[in-house]
Amino acid sequence: MTGTIYKSTGSWYQVKAKDGTFYQCRIKGKFRIQGIKSTNPIAVGDQVVFDLEKKGDEEIGVIKTILDRENFIVRKSVNLSKQTHIIASNIDQVFLLITINNPPTFTTFIDRFLVSASAYSIDTILVFNKIDSYELEERAEILYLKDIYEAIGYRCVEVSSTQNKNVATIKEIMMGKTSMFVGHSGVGKSTLVNALEPSLDLKTKEISDQHNQGKHTTTFAEMFDLSFDASIIDTPGIKGFGIVDIDKYELGDYFPEFFALKKDCKFNNCIHTKEPHCAVKEALEAEEVSWSRYKSYLQILEGDEEKEHFRTDIWNEEEDA
């Protein structure tokens with residue numbers, strides 16, 4: 001039988017067969033995927049082949065094979081630097097939820113995620129969430145960020161789940177596709193999913209006052225079929241995003257504004273750091289390229305995985321205590 005992984009708890013997998021029936025499945029023995037050293041060999045969204053075995057009165061599925069993935073989102077594991085974690089696979093698009101201060105989303109996090117999604121040819125929509133909660137200065141910050149990302153081709157949507165602003169727009173973009181929702185804990189993923197499909201009634205929690213951070217409400221990635229011809233993968237909050245296996249000479253290709261200038265650099269293998277007559281650095285000095293994007297690029301290039309502290313308020317980039 002073949003089916004799709006809808007939920008993974010690390011030891012058990014909920015699989016939806018082609019006839020719509022759900023089965024509880026497990027892996028028999030060690031399961032490895034060629035070329036990927038992952039903490040989770042099977043991810044939500046994977047297409048798998050499984051057999052059914054009788055255990056008492058129950059039928060338990062045993063996963064035998066993972067079919068080839070069209071794409072996947074992968075990041076370095078938090079505690080295991082040489083291991084990777086596949087967040088989900090076979091995704092049509094990702095909605096990256098961003099909040100300015102409750103909790104803060106850093107530009108380095110945004111850019112890291114965009115690079116990884118671009119490397120696997122996955123479209124990303126930037127969702128500026130909780131816009132009903134911002135004062136005038138914070139609204140200006142959102143507009144500034146939108147200018148940066150829309151100028152390089154990313155679609156940006158301002159959303160308020162509580163006031164139902166642009167929820168219909170998100171729904172329209174999702175129709176006929178499998179979408180993944182990602183972001184820090186507390187950015188409002190589950191609240192937005194509930195606004196899109198109230199019958200799911202996903203758990204939500206308030207932001208921690210002490211640290212201005214979200215509390216994890218989603219423990220495992222899980223896929224849901226929605227009533228309006230769409231599927232959604234809801235994911236646990238992500239604190240940081242480590243980039244996996246991108247060559248330094250290719251990194252700039254995943255920054256659209258850098259890639260557009262690449263042909264004007266003096267050297268074909270320019271990595272936009274110390275080379276003379278670099279079109280990217282010239283555009284940077286002319287303020288035609290965002291300094292925050294260039295800082296993110298340098299941080300990834302240098303392999304610095306820890307400094308996730310450039311705040312979204314670009315004009316006042318201070319380290320967050």
# chains A, B, ... in the order shown; residues from 1 in each chain; ligands from 1

$ residues_around --residues "Tyr154 of chain A" --least-positions-apart "5" --cutoff "12 Å" --atoms "only C-alpha atoms" --output "VMD selection string"
chain A and resid 94 to 96 110 to 111 114 118 122 to 127 145 to 149 255 to 257

$ residues_around --residues "Lys262 of chain A" --least-positions-apart "4" --cutoff "10 Å" --atoms "only C-alpha atoms" --output "ChimeraX atom specification"
/A:252-253,256-258,266-272,278-280

$ residues_around --residues "Leu97 of chain A" --least-positions-apart "4" --cutoff "7 Å" --atoms "only C-alpha atoms" --output "list in words"
Leu126, Val127, Phe128, Asn129, Val182, Gly183 and Val187 of chain A

$ write_last_selection --atoms "C-alpha atoms" --output "compact mmCIF listing (two decimals), in the first residue's frame"
# COMPACT_ATOMS: atom_id res chain seq x y z
CA LEU A 126 5.90 36.33 4.14
CA VAL A 127 2.99 36.80 6.55
CA PHE A 128 3.27 39.81 8.85
CA ASN A 129 0.98 38.60 11.60
CA VAL A 182 6.46 28.08 10.02
CA GLY A 183 7.80 30.69 12.43
CA VAL A 187 3.86 34.13 16.19

$ closest_residue --among "A:Met1, A:Leu192, A:Leu143, A:Leu136" --to "Ser160 of chain A" --atoms "only C-alpha atoms"
A:Leu192

$ select_by_dssp --residues "segment 9-221 of chain A" --states "strand (DSSP E or B)" --output "ChimeraX atom specification"
/A:13-17,22-27,33,36,38,47-55,58-66,72-76,84-89,93-98,123-128,155-158,160,165,178-182,208,213

$ residues_around --residues "Phe220 of chain A" --least-positions-apart "4" --cutoff "9 Å" --atoms "only C-alpha atoms" --output "MDAnalysis selection string"
chainID A and resid 7:10 234:236

$ atom_distance --atom1 "atom CA of Tyr23 of chain A" --atom2 "atom CA of Phe228 of chain A"
23.9 Å

$ closest_residue --among "A:Ile142, A:Ile91, A:Cys156, A:Ile131" --to "Gly176 of chain A" --atoms "only C-alpha atoms"
A:Ile91

$ closest_residue --among "A:Ser116, A:Ala283, A:His184, A:Leu67" --to "Asn102 of chain A" --atoms "only C-alpha atoms"
A:His184

$ residues_around --residues "Lys171 of chain A" --least-positions-apart "5" --cutoff "9 Å" --atoms "only C-alpha atoms" --output "ChimeraX atom specification"
/A:166,196,228,230

$ atom_distance --atom1 "atom CA of Lys18 of chain A" --atom2 "atom CA of Lys54 of chain A"
20.2 Å

$ residues_around --residues "Tyr297 of chain A" --least-positions-apart "4" --cutoff "8 Å" --atoms "only C-alpha atoms" --output "list of chain:residue names"
A:Leu251, A:Gly252, A:Arg293, A:Leu301

$ closest_residue --among "A:Asn101, A:Thr2, A:Thr273, A:Ser185" --to "Glu141 of chain A" --atoms "only C-alpha atoms"
A:Asn101
